[in-house]
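A.B. asks: This is upload11.pdb, which holds PDB, C-alpha atoms, pLDDT in the B column:
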ATOM      1  CA  MET P   1      39.568  80.446 163.324  1.00 29.00           C
ATOM      2  CA  ILE P   2      40.727  83.610 161.539  1.00 32.00           C
ATOM      3  CA  ASN P   3      44.399  83.721 160.690  1.00 36.00           C
ATOM      4  CA  TYR P   4      45.619  87.173 161.639  1.00 33.00           C
ATOM      5  CA  LYS P   5      49.124  86.614 160.368  1.00 38.00           C
ATOM      6  CA  ASN P   6      49.680  88.416 157.086  1.00 42.00           C
ATOM      7  CA  LYS P   7      52.314  86.514 155.143  1.00 42.00           C
ATOM      8  CA  GLN P   8      53.350  89.398 152.912  1.00 49.00           C
ATOM      9  CA  HIS P   9      53.308  92.100 155.571  1.00 52.00           C
ATOM     10  CA  PRO P  10      54.312  91.005 159.086  1.00 53.00           C
ATOM     11  CA  GLU P  11      53.311  93.432 161.836  1.00 57.00           C
ATOM     12  CA  LYS P  12      56.857  94.755 162.136  1.00 57.00           C
ATOM     13  CA  ASP P  13      56.381  96.231 158.651  1.00 79.00           C
ATOM     14  CA  MET P  14      53.110  97.947 159.589  1.00 88.00           C
ATOM     15  CA  ILE P  15      52.123 101.216 161.186  1.00 91.00           C
ATOM     16  CA  PHE P  16      48.603 101.152 162.557  1.00 89.00           C
ATOM     17  CA  GLY P  17      46.377 103.755 164.149  1.00 92.00           C
ATOM     18  CA  ILE P  18      45.272 107.049 162.616  1.00 93.00           C
ATOM     19  CA  ARG P  19      47.617 109.282 164.609  1.00 92.00           C
ATOM     20  CA  ALA P  20      50.582 106.959 164.008  1.00 92.00           C
ATOM     21  CA  VAL P  21      49.941 106.948 160.255  1.00 92.00           C
ATOM     22  CA  ILE P  22      49.638 110.756 160.210  1.00 93.00           C
ATOM     23  CA  GLU P  23      52.950 111.109 162.030  1.00 91.00           C
ATOM     24  CA  ALA P  24      54.612 108.642 159.653  1.00 89.00           C
ATOM     25  CA  ILE P  25      53.411 110.673 156.666  1.00 90.00           C
ATOM     26  CA  GLN P  26      54.580 113.945 158.180  1.00 89.00           C
ATOM     27  CA  SER P  27      57.998 112.477 158.991  1.00 86.00           C
ATOM     28  CA  GLY P  28      58.481 111.419 155.360  1.00 84.00           C
ATOM     29  CA  LYS P  29      58.629 107.700 156.083  1.00 85.00           C
ATOM     30  CA  GLU P  30      58.650 105.655 152.847  1.00 84.00           C
ATOM     31  CA  MET P  31      55.451 103.613 152.447  1.00 87.00           C
ATOM     32  CA  ASP P  32      54.361 100.874 150.086  1.00 86.00           C
ATOM     33  CA  LYS P  33      50.621 101.437 150.517  1.00 89.00           C
ATOM     34  CA  ILE P  34      47.974 102.564 152.999  1.00 93.00           C
ATOM     35  CA  LEU P  35      44.739 100.738 153.809  1.00 94.00           C
ATOM     36  CA  LEU P  36      41.828 102.722 155.269  1.00 95.00           C
ATOM     37  CA  ARG P  37      38.455 101.600 156.505  1.00 93.00           C
ATOM     38  CA  ARG P  38      35.578 102.639 154.319  1.00 91.00           C
ATOM     39  CA  ASP P  39      33.319 105.460 155.535  1.00 87.00           C
ATOM     40  CA  MET P  40      35.746 106.981 158.034  1.00 88.00           C
ATOM     41  CA  THR P  41      34.153 110.220 159.315  1.00 84.00           C
ATOM     42  CA  SER P  42      35.859 111.174 162.588  1.00 86.00           C
ATOM     43  CA  GLU P  43      37.641 114.485 163.110  1.00 88.00           C
ATOM     44  CA  LEU P  44      40.982 112.664 163.302  1.00 90.00           C
ATOM     45  CA  SER P  45      40.267 110.834 160.058  1.00 90.00           C
ATOM     46  CA  ARG P  46      39.736 114.189 158.332  1.00 90.00           C
ATOM     47  CA  GLU P  47      43.175 115.197 159.547  1.00 92.00           C
ATOM     48  CA  LEU P  48      44.507 111.981 158.009  1.00 93.00           C
ATOM     49  CA  PHE P  49      42.823 112.723 154.680  1.00 92.00           C
ATOM     50  CA  ALA P  50      44.463 116.153 154.672  1.00 92.00           C
ATOM     51  CA  ALA P  51      47.862 114.557 155.274  1.00 91.00           C
ATOM     52  CA  LEU P  52      47.254 112.160 152.367  1.00 90.00           C
ATOM     53  CA  ASN P  53      46.566 115.017 149.953  1.00 88.00           C
ATOM     54  CA  GLY P  54      49.278 115.003 147.293  1.00 80.00           C
ATOM     55  CA  LEU P  55      51.014 111.952 148.765  1.00 84.00           C
ATOM     56  CA  GLN P  56      52.299 109.584 146.049  1.00 81.00           C
ATOM     57  CA  VAL P  57      51.375 106.398 147.889  1.00 87.00           C
ATOM     58  CA  PRO P  58      48.584 103.977 146.867  1.00 87.00           C
ATOM     59  CA  VAL P  59      45.588 104.298 149.211  1.00 90.00           C
ATOM     60  CA  GLN P  60      42.938 101.571 149.319  1.00 90.00           C
ATOM     61  CA  TYR P  61      39.570 101.843 151.077  1.00 92.00           C
ATOM     62  CA  VAL P  62      38.617  98.415 152.395  1.00 93.00           C
ATOM     63  CA  PRO P  63      36.079  96.701 154.684  1.00 93.00           C
ATOM     64  CA  LEU P  64      36.818  96.605 158.407  1.00 91.00           C
ATOM     65  CA  GLU P  65      37.161  92.814 158.219  1.00 91.00           C
ATOM     66  CA  LYS P  66      40.200  93.070 155.947  1.00 91.00           C
ATOM     67  CA  LEU P  67      41.964  95.380 158.393  1.00 92.00           C
ATOM     68  CA  ASN P  68      41.147  93.052 161.278  1.00 91.00           C
ATOM     69  CA  LYS P  69      42.839  90.214 159.420  1.00 90.00           C
ATOM     70  CA  MET P  70      45.998  92.291 159.195  1.00 87.00           C
ATOM     71  CA  THR P  71      46.355  92.860 162.925  1.00 85.00           C
ATOM     72  CA  MET P  72      44.472  92.204 166.155  1.00 83.00           C
ATOM     73  CA  LYS P  73      45.676  95.505 167.600  1.00 87.00           C
ATOM     74  CA  ASN P  74      43.698  98.752 167.654  1.00 89.00           C
ATOM     75  CA  HIS P  75      44.264 100.023 164.115  1.00 92.00           C
ATOM     76  CA  GLN P  76      41.390 102.576 164.221  1.00 92.00           C
ATOM     77  CA  GLY P  77      40.722 101.859 160.553  1.00 92.00           C
ATOM     78  CA  ALA P  78      44.175 102.836 159.283  1.00 94.00           C
ATOM     79  CA  ILE P  79      47.185 100.656 158.430  1.00 94.00           C
ATOM     80  CA  ALA P  80      50.292 101.778 156.546  1.00 93.00           C
ATOM     81  CA  PHE P  81      52.859  99.354 155.142  1.00 90.00           C
ATOM     82  CA  ILE P  82      56.480 100.409 155.307  1.00 87.00           C
ATOM     83  CA  SER P  83      58.483 100.066 152.095  1.00 85.00           C
ATOM     84  CA  PRO P  84      61.860  98.300 152.400  1.00 84.00           C
ATOM     85  CA  VAL P  85      63.300 100.697 149.800  1.00 86.00           C
ATOM     86  CA  ALA P  86      63.256 104.409 149.077  1.00 86.00           C
ATOM     87  CA  TYR P  87      61.504 104.981 145.765  1.00 90.00           C
ATOM     88  CA  GLN P  88      63.178 107.330 143.305  1.00 92.00           C
ATOM     89  CA  ARG P  89      62.122 109.540 140.389  1.00 93.00           C
ATOM     90  CA  ILE P  90      63.161 108.734 136.835  1.00 97.00           C
ATOM     91  CA  GLU P  91      63.734 112.461 136.173  1.00 96.00           C
ATOM     92  CA  ASP P  92      66.520 112.382 138.751  1.00 96.00           C
ATOM     93  CA  ILE P  93      68.216 109.280 137.338  1.00 97.00           C
ATOM     94  CA  ILE P  94      68.424 109.794 133.578  1.00 98.00           C
ATOM     95  CA  PRO P  95      70.608 112.953 133.608  1.00 97.00           C
ATOM     96  CA  GLY P  96      73.191 111.231 135.809  1.00 96.00           C
ATOM     97  CA  ILE P  97      73.446 108.270 133.433  1.00 97.00           C
ATOM     98  CA  TYR P  98      74.162 110.567 130.490  1.00 97.00           C
ATOM     99  CA  GLU P  99      76.671 112.565 132.558  1.00 97.00           C
ATOM    100  CA  GLU P 100      78.561 109.313 133.196  1.00 97.00           C
ATOM    101  CA  GLY P 101      78.792 108.779 129.436  1.00 96.00           C
ATOM    102  CA  ARG P 102      76.546 105.725 129.480  1.00 96.00           C
ATOM    103  CA  LEU P 103      73.476 104.760 127.418  1.00 97.00           C
ATOM    104  CA  PRO P 104      70.356 104.510 129.607  1.00 98.00           C
ATOM    105  CA  PHE P 105      68.902 101.005 129.913  1.00 98.00           C
ATOM    106  CA  ILE P 106      65.438 101.177 131.515  1.00 98.00           C
ATOM    107  CA  VAL P 107      62.558  98.768 132.138  1.00 98.00           C
ATOM    108  CA  VAL P 108      58.991 100.080 132.541  1.00 98.00           C
ATOM    109  CA  LEU P 109      56.308  97.835 134.062  1.00 97.00           C
ATOM    110  CA  ASP P 110      52.725  98.646 133.104  1.00 97.00           C
ATOM    111  CA  GLY P 111      50.180  96.760 135.199  1.00 92.00           C
ATOM    112  CA  VAL P 112      52.493  94.003 136.481  1.00 94.00           C
ATOM    113  CA  THR P 113      50.757  93.294 139.787  1.00 92.00           C
ATOM    114  CA  ASP P 114      52.204  89.935 140.829  1.00 92.00           C
ATOM    115  CA  VAL P 115      54.960  90.567 143.386  1.00 90.00           C
ATOM    116  CA  ARG P 116      56.858  87.415 142.396  1.00 92.00           C
ATOM    117  CA  ASN P 117      56.917  88.428 138.743  1.00 94.00           C
ATOM    118  CA  PHE P 118      58.062  91.879 139.840  1.00 95.00           C
ATOM    119  CA  GLY P 119      60.801  90.334 141.957  1.00 94.00           C
ATOM    120  CA  ALA P 120      61.933  88.012 139.162  1.00 95.00           C
ATOM    121  CA  ILE P 121      62.093  90.901 136.679  1.00 96.00           C
ATOM    122  CA  ALA P 122      64.085  92.985 139.172  1.00 96.00           C
ATOM    123  CA  ARG P 123      66.563  90.133 139.609  1.00 96.00           C
ATOM    124  CA  THR P 124      67.097  89.932 135.848  1.00 97.00           C
ATOM    125  CA  CYS P 125      67.412  93.709 135.613  1.00 97.00           C
ATOM    126  CA  GLU P 126      70.076  93.849 138.297  1.00 97.00           C
ATOM    127  CA  CYS P 127      72.046  90.981 136.764  1.00 97.00           C
ATOM    128  CA  ALA P 128      71.883  92.611 133.314  1.00 97.00           C
ATOM    129  CA  GLY P 129      72.934  96.074 134.455  1.00 97.00           C
ATOM    130  CA  VAL P 130      69.586  97.789 133.893  1.00 98.00           C
ATOM    131  CA  ASP P 131      69.742 101.328 135.293  1.00 98.00           C
ATOM    132  CA  ALA P 132      66.226 101.583 136.755  1.00 98.00           C
ATOM    133  CA  ILE P 133      62.769 100.037 136.885  1.00 98.00           C
ATOM    134  CA  VAL P 134      59.769 102.352 136.460  1.00 98.00           C
ATOM    135  CA  VAL P 135      56.410 101.372 137.997  1.00 96.00           C
ATOM    136  CA  PRO P 136      53.084 103.177 138.506  1.00 94.00           C
ATOM    137  CA  THR P 137      51.987 104.360 141.940  1.00 89.00           C
ATOM    138  CA  LYS P 138      48.650 102.602 141.379  1.00 86.00           C
ATOM    139  CA  GLY P 139      47.996  99.412 139.442  1.00 87.00           C
ATOM    140  CA  GLY P 140      51.351  97.765 139.980  1.00 89.00           C
ATOM    141  CA  ALA P 141      53.031  95.459 142.465  1.00 87.00           C
ATOM    142  CA  GLY P 142      54.529  97.069 145.533  1.00 83.00           C
ATOM    143  CA  ILE P 143      57.835  96.074 147.059  1.00 83.00           C
ATOM    144  CA  THR P 144      57.018  93.442 149.664  1.00 78.00           C
ATOM    145  CA  ALA P 145      59.088  90.900 151.569  1.00 77.00           C
ATOM    146  CA  ASP P 146      58.024  88.248 149.032  1.00 80.00           C
ATOM    147  CA  GLY P 147      59.124  90.453 146.150  1.00 84.00           C
ATOM    148  CA  VAL P 148      62.495  91.185 147.738  1.00 86.00           C
ATOM    149  CA  LYS P 149      63.019  87.470 148.393  1.00 87.00           C
ATOM    150  CA  THR P 150      62.084  86.521 144.817  1.00 88.00           C
ATOM    151  CA  SER P 151      64.435  89.183 143.509  1.00 92.00           C
ATOM    152  CA  ALA P 152      67.302  87.686 145.561  1.00 92.00           C
ATOM    153  CA  GLY P 153      67.756  91.126 147.078  1.00 91.00           C
ATOM    154  CA  ALA P 154      67.896  92.925 143.717  1.00 93.00           C
ATOM    155  CA  LEU P 155      65.051  95.244 144.712  1.00 91.00           C
ATOM    156  CA  LEU P 156      67.314  96.574 147.447  1.00 91.00           C
ATOM    157  CA  LYS P 157      70.038  97.390 144.895  1.00 93.00           C
ATOM    158  CA  ILE P 158      68.438  98.637 141.695  1.00 95.00           C
ATOM    159  CA  PRO P 159      66.621 102.012 141.607  1.00 95.00           C
ATOM    160  CA  VAL P 160      62.835 101.629 141.505  1.00 96.00           C
ATOM    161  CA  CYS P 161      60.991 104.727 140.311  1.00 96.00           C
ATOM    162  CA  ARG P 162      57.358 104.942 141.390  1.00 92.00           C
ATOM    163  CA  GLU P 163      55.495 107.408 139.180  1.00 92.00           C
ATOM    164  CA  ALA P 164      52.025 108.830 139.815  1.00 90.00           C
ATOM    165  CA  ASN P 165      51.537 109.291 136.064  1.00 94.00           C
ATOM    166  CA  LEU P 166      53.230 106.505 134.130  1.00 96.00           C
ATOM    167  CA  GLY P 167      52.330 108.102 130.805  1.00 96.00           C
ATOM    168  CA  ASN P 168      54.200 111.283 131.720  1.00 97.00           C
ATOM    169  CA  ALA P 169      57.199 109.228 132.817  1.00 97.00           C
ATOM    170  CA  ILE P 170      57.224 107.416 129.461  1.00 98.00           C
ATOM    171  CA  LYS P 171      56.977 110.759 127.631  1.00 98.00           C
ATOM    172  CA  PHE P 172      59.914 112.020 129.699  1.00 98.00           C
ATOM    173  CA  LEU P 173      61.973 109.016 128.593  1.00 98.00           C
ATOM    174  CA  ALA P 174      61.131 109.739 124.967  1.00 98.00           C
ATOM    175  CA  ALA P 175      62.011 113.418 125.367  1.00 98.00           C
ATOM    176  CA  SER P 176      65.334 112.326 126.884  1.00 98.00           C
ATOM    177  CA  GLY P 177      66.332 110.576 123.681  1.00 97.00           C
ATOM    178  CA  ILE P 178      65.440 107.089 124.862  1.00 98.00           C
ATOM    179  CA  LYS P 179      63.994 104.619 122.374  1.00 98.00           C
ATOM    180  CA  LEU P 180      60.755 103.068 123.621  1.00 98.00           C
ATOM    181  CA  ILE P 181      60.286  99.369 122.857  1.00 98.00           C
ATOM    182  CA  ALA P 182      57.056  97.612 123.841  1.00 97.00           C
ATOM    183  CA  ALA P 183      56.556  93.871 123.953  1.00 93.00           C
ATOM    184  CA  SER P 184      53.319  92.473 122.533  1.00 92.00           C
ATOM    185  CA  GLU P 185      52.409  89.058 121.204  1.00 88.00           C
ATOM    186  CA  LYS P 186      50.353  90.866 118.533  1.00 88.00           C
ATOM    187  CA  ALA P 187      53.392  92.567 117.009  1.00 93.00           C
ATOM    188  CA  THR P 188      54.701  91.294 113.671  1.00 92.00           C
ATOM    189  CA  LYS P 189      58.319  92.367 114.211  1.00 96.00           C
ATOM    190  CA  ASN P 190      60.602  89.780 115.802  1.00 96.00           C
ATOM    191  CA  TYR P 191      62.478  91.173 118.803  1.00 97.00           C
ATOM    192  CA  THR P 192      65.823  90.120 117.255  1.00 96.00           C
ATOM    193  CA  GLU P 193      65.169  92.469 114.332  1.00 96.00           C
ATOM    194  CA  ALA P 194      65.043  95.544 116.567  1.00 96.00           C
ATOM    195  CA  ARG P 195      68.078  97.611 117.491  1.00 96.00           C
ATOM    196  CA  PHE P 196      68.796  97.941 121.203  1.00 97.00           C
ATOM    197  CA  THR P 197      72.262  99.508 121.010  1.00 96.00           C
ATOM    198  CA  GLU P 198      71.038 103.053 121.702  1.00 96.00           C
ATOM    199  CA  PRO P 199      69.404 104.451 124.853  1.00 98.00           C
ATOM    200  CA  VAL P 200      66.435 102.130 125.326  1.00 98.00           C
ATOM    201  CA  ALA P 201      63.465 101.468 127.588  1.00 98.00           C
ATOM    202  CA  PHE P 202      61.549  98.192 127.439  1.00 98.00           C
ATOM    203  CA  ILE P 203      57.861  98.505 128.323  1.00 98.00           C
ATOM    204  CA  MET P 204      56.320  95.298 129.646  1.00 97.00           C
ATOM    205  CA  GLY P 205      52.589  94.920 130.279  1.00 95.00           C
ATOM    206  CA  SER P 206      50.436  92.659 132.393  1.00 88.00           C
ATOM    207  CA  GLU P 207      49.822  89.093 131.259  1.00 80.00           C
ATOM    208  CA  ASP P 208      46.067  89.752 131.042  1.00 84.00           C
ATOM    209  CA  GLU P 209      45.973  93.106 129.266  1.00 87.00           C
ATOM    210  CA  GLY P 210      49.472  93.670 127.897  1.00 91.00           C
ATOM    211  CA  VAL P 211      50.817  97.180 127.465  1.00 95.00           C
ATOM    212  CA  SER P 212      48.153  99.894 127.533  1.00 95.00           C
ATOM    213  CA  PRO P 213      47.100 101.064 124.031  1.00 95.00           C
ATOM    214  CA  ASP P 214      47.871 104.661 125.061  1.00 96.00           C
ATOM    215  CA  TYR P 215      51.448 103.680 125.865  1.00 97.00           C
ATOM    216  CA  LEU P 216      51.817 101.602 122.707  1.00 96.00           C
ATOM    217  CA  LYS P 217      51.127 104.769 120.705  1.00 96.00           C
ATOM    218  CA  LEU P 218      54.120 106.419 122.365  1.00 97.00           C
ATOM    219  CA  CYS P 219      56.508 103.605 121.460  1.00 97.00           C
ATOM    220  CA  ASP P 220      59.082 103.693 118.689  1.00 97.00           C
ATOM    221  CA  GLU P 221      58.779  99.961 118.075  1.00 97.00           C
ATOM    222  CA  ILE P 222      56.573  97.073 119.159  1.00 97.00           C
ATOM    223  CA  VAL P 223      58.166  93.644 119.066  1.00 97.00           C
ATOM    224  CA  SER P 224      57.160  90.069 119.745  1.00 95.00           C
ATOM    225  CA  ILE P 225      58.871  86.890 120.880  1.00 95.00           C
ATOM    226  CA  PRO P 226      58.136  83.912 118.584  1.00 94.00           C
ATOM    227  CA  MET P 227      55.732  81.358 120.070  1.00 91.00           C
ATOM    228  CA  LEU P 228      56.288  77.924 118.545  1.00 91.00           C
ATOM    229  CA  GLY P 229      54.110  75.859 120.885  1.00 91.00           C
ATOM    230  CA  THR P 230      50.393  75.832 121.582  1.00 90.00           C
ATOM    231  CA  ILE P 231      50.523  78.454 124.376  1.00 87.00           C
ATOM    232  CA  ASN P 232      50.508  81.937 122.866  1.00 83.00           C
ATOM    233  CA  SER P 233      52.445  83.920 125.443  1.00 84.00           C
ATOM    234  CA  LEU P 234      55.272  83.775 127.982  1.00 90.00           C
ATOM    235  CA  ASN P 235      55.179  84.674 131.631  1.00 93.00           C
ATOM    236  CA  VAL P 236      55.965  88.408 131.794  1.00 95.00           C
ATOM    237  CA  SER P 237      59.118  87.873 133.842  1.00 95.00           C
ATOM    238  CA  VAL P 238      60.424  85.380 131.265  1.00 96.00           C
ATOM    239  CA  ALA P 239      59.528  87.685 128.366  1.00 96.00           C
ATOM    240  CA  ALA P 240      61.302  90.563 130.098  1.00 97.00           C
ATOM    241  CA  GLY P 241      64.382  88.395 130.539  1.00 97.00           C
ATOM    242  CA  VAL P 242      64.450  87.497 126.846  1.00 97.00           C
ATOM    243  CA  LEU P 243      64.306  91.136 125.739  1.00 97.00           C
ATOM    244  CA  ILE P 244      66.707  92.422 128.384  1.00 98.00           C
ATOM    245  CA  TYR P 245      69.388  89.899 127.497  1.00 98.00           C
ATOM    246  CA  GLU P 246      68.976  90.540 123.797  1.00 98.00           C
ATOM    247  CA  GLY P 247      69.739  94.131 124.713  1.00 97.00           C
ATOM    248  CA  VAL P 248      72.796  92.994 126.665  1.00 97.00           C
ATOM    249  CA  ARG P 249      73.984  90.845 123.726  1.00 97.00           C
ATOM    250  CA  GLN P 250      73.645  93.685 121.229  1.00 97.00           C
ATOM    251  CA  ARG P 251      75.347  96.223 123.492  1.00 95.00           C
ATOM    252  CA  GLN P 252      78.303  93.945 124.078  1.00 94.00           C
ATOM    253  CA  MET P 253      78.890  93.832 120.335  1.00 90.00           C
ATOM    254  CA  ILE P 254      79.242  97.602 119.986  1.00 80.00           C
TER     255      ILE P 254
END
Any chance you could put this one into structure tokens?

C.D. replies:
Amino acid sequence: MINYKNKQHPEKDMIFGIRAVIEAIQSGKEMDKILLRRDMTSELSRELFAALNGLQVPVQYVPLEKLNKMTMKNHQGAIAFISPVAYQRIEDIIPGIYEEGRLPFIVVLDGVTDVRNFGAIARTCECAGVDAIVVPTKGGAGITADGVKTSAGALLKIPVCREANLGNAIKFLAASGIKLIAASEKATKNYTEARFTEPVAFIMGSEDEGVSPDYLKLCDEIVSIPMLGTINSLNVSVAAGVLIYEGVRQRQMI
């Protein structure tokens, strides 16, 4: 028997049907992602594609069977997942932080796709007073019920900035006077040797690939956390916590 219950996205968090998805897009409803059946060719589907043009929401083209597992109702090959939060833009947040006389404290997630890791990082960020989390539109974890639960509700409190071009967002941070610090187990500099008392953004990569080489080139410093056991890396949410709270410790000593 096929289990049609989707644990991460209950039906109350879905919009299904081509016309319903089009109307949701046109009304500006915040979405986490959109799933579309492969090889859609109807006139109505072309109207949907036009509505998707320029929309900063991840769109995945999937087999019909995957959509059928999401819901037994008539989805017509289109399902949109409602986001529990309104995503923001980092360009709108940084100026306000400076205007308040504070030093920006930002976390950028490059390729962190596990929603529980995302939730755990968000929880640490909120507890530590991080100003915003920056994630890519594609290639990163969305905000799901599981992520919100893991974050203990932090994802509903801390600004999450979803950026279509993560590289441009990182360059904007640099141009705004923010020091870019990447974490990598290949770095020779111990994280405790770096200075985090100025405007700073920590860039954390996926556990498989780490931070993208293109983004590493943009960073002011690359630091590592000492590994004294036989396993050569930490879970990304744990590594983020170590760096974030070193930043908190240093800032409290100013």

A.B. asks: Compute the distance from (71.9, 98.3, 119.4) to each atom, counting only C-alpha atoms, keep the residues with any atom at most 6 Å away, and return them as a PyMOL selection string; use the coordinates of the file.

C.D. replies: chain P and resi 195-198+250-251

A.B. asks: I'd like to see the residues matched by the PyMOL selection byres ((chain P and resi 78) around 6) on this file, and ideally I'd get them as a PDB file with C-alpha atoms, in the coordinates of the input.

C.D. replies:
ATOM      1  CA  PHE P  16      48.603 101.152 162.557  1.00 89.00           C
ATOM      2  CA  GLY P  17      46.377 103.755 164.149  1.00 92.00           C
ATOM      3  CA  ILE P  18      45.272 107.049 162.616  1.00 93.00           C
ATOM      4  CA  LEU P  35      44.739 100.738 153.809  1.00 94.00           C
ATOM      5  CA  LEU P  36      41.828 102.722 155.269  1.00 95.00           C
ATOM      6  CA  HIS P  75      44.264 100.023 164.115  1.00 92.00           C
ATOM      7  CA  GLN P  76      41.390 102.576 164.221  1.00 92.00           C
ATOM      8  CA  GLY P  77      40.722 101.859 160.553  1.00 92.00           C
ATOM      9  CA  ILE P  79      47.185 100.656 158.430  1.00 94.00           C
TER      10      ILE P  79
END

A.B. asks: Between atom CA of Ala128 of chain P and atom CA of Gly101 of chain P, what is the spacing in Å?

C.D. replies: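 Calculated distance between atom CA of Gly101 of chain P and atom CA of Ala128 of chain P is 18.0 Å.
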
A.B. asks: Selection in question (the file shown): the PyMOL selection byres ((chain P and resi 182) around 12). Which residues does it include, as a count of residues only?

C.D. replies: 45

A.B. asks: Looking at P:Met72, P:Ile22, P:Leu155, P:Ile15, which one is nearest to Ala50 of chain P, with distances taken over all atoms listed in the file?

C.D. replies: P:Ile22

A.B. asks: Considering all atoms listed in the file, give me a table of residues in segment 103-196 of chain P that are at most 8 Å from segment 233-237 of chain P, with the closest atom pair and distance in Å for each, as a Markdown table.

C.D. replies:
| residue | atom | partner | partner_atom | distance |
| --- | --- | --- | --- | --- |
| P:Asn117 | CA | P:Ser237 | CA | 5.4 |
| P:Phe118 | CA | P:Ser237 | CA | 7.3 |
| P:Ala120 | CA | P:Ser237 | CA | 6.0 |
| P:Ile121 | CA | P:Ser237 | CA | 5.1 |
| P:Glu185 | CA | P:Ser233 | CA | 6.7 |

A.B. asks: Kindly indicate which residue among P:Glu207, P:Ser151, P:Asp39, P:Glu65 lies nearest to Asn232 of chain P, using all atoms listed in the file for the distances.

C.D. replies: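 Checking each of P:Glu207, P:Ser151, P:Asp39, P:Glu65 against Asn232 of chain P, counting all atoms listed in the file, the winner is P:Glu207.
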
A.B. asks: May I have a table of the residues of segment 23-96 of chain P lying at most 12 Å from segment 130-150 of chain P, giving each one's closest pair of atoms and their distance in Å to one decimal, counting all atoms listed in the file, ordered by chain and ascending residue number, as a Markdown table?

C.D. replies:
| residue | atom | partner | partner_atom | distance |
| --- | --- | --- | --- | --- |
| P:Glu30 | CA | P:Ile143 | CA | 11.2 |
| P:Met31 | CA | P:Gly142 | CA | 9.6 |
| P:Asp32 | CA | P:Gly142 | CA | 5.9 |
| P:Lys33 | CA | P:Gly142 | CA | 7.7 |
| P:Ile34 | CA | P:Gly142 | CA | 11.4 |
| P:Leu55 | CA | P:Thr137 | CA | 10.3 |
| P:Gln56 | CA | P:Thr137 | CA | 6.7 |
| P:Val57 | CA | P:Thr137 | CA | 6.3 |
| P:Pro58 | CA | P:Lys138 | CA | 5.7 |
| P:Val59 | CA | P:Lys138 | CA | 8.6 |
| P:Gln60 | CA | P:Lys138 | CA | 9.8 |
| P:Phe81 | CA | P:Thr144 | CA | 9.1 |
| P:Ile82 | CA | P:Thr144 | CA | 9.0 |
| P:Ser83 | CA | P:Ile143 | CA | 6.5 |
| P:Pro84 | CA | P:Ile143 | CA | 7.0 |
| P:Val85 | CA | P:Ile143 | CA | 7.7 |
| P:Ala86 | CA | P:Ile143 | CA | 10.1 |
| P:Tyr87 | CA | P:Ile143 | CA | 9.7 |
| P:Gln88 | CA | P:Val134 | CA | 9.1 |
| P:Arg89 | CA | P:Val134 | CA | 8.5 |
| P:Ile90 | CA | P:Val134 | CA | 7.2 |
| P:Glu91 | CA | P:Val134 | CA | 10.9 |
| P:Asp92 | CA | P:Ala132 | CA | 11.0 |
| P:Ile93 | CA | P:Ala132 | CA | 8.0 |
| P:Ile94 | CA | P:Asp131 | CA | 8.7 |
| P:Pro95 | CA | P:Asp131 | CA | 11.8 |
| P:Gly96 | CA | P:Asp131 | CA | 10.5 |

A.B. asks: Please report the interatomic distance between atom CA of Arg102 of chain P and atom CA of Thr192 of chain P in Å with one decimal.

C.D. replies: 22.5 Å

A.B. asks: Counting only C-alpha atoms, which of P:Glu47, P:Glu163, P:Glu100, P:Glu193 gets nearest to Gly247 of chain P?

C.D. replies: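 Closest candidate: P:Glu193.
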
A.B. asks: Atom CA of Ala122 of chain P to atom CA of Arg162 of chain P: how many Å, to one decimal?

C.D. replies: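 These atoms are spaced 13.9 Å apart.
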
A.B. asks: Find the smallest box with edges along x, y and z containing every listed atom of segment 121-127 of chain P, then add 5 Å on each side and report centre and edge lengths in Å to one decimal, as lines of an AutoDock Vina configuration file.

C.D. replies:
center_x = 67.1
center_y = 91.9
center_z = 137.6
size_x = 20.0
size_y = 13.9
size_z = 14.0
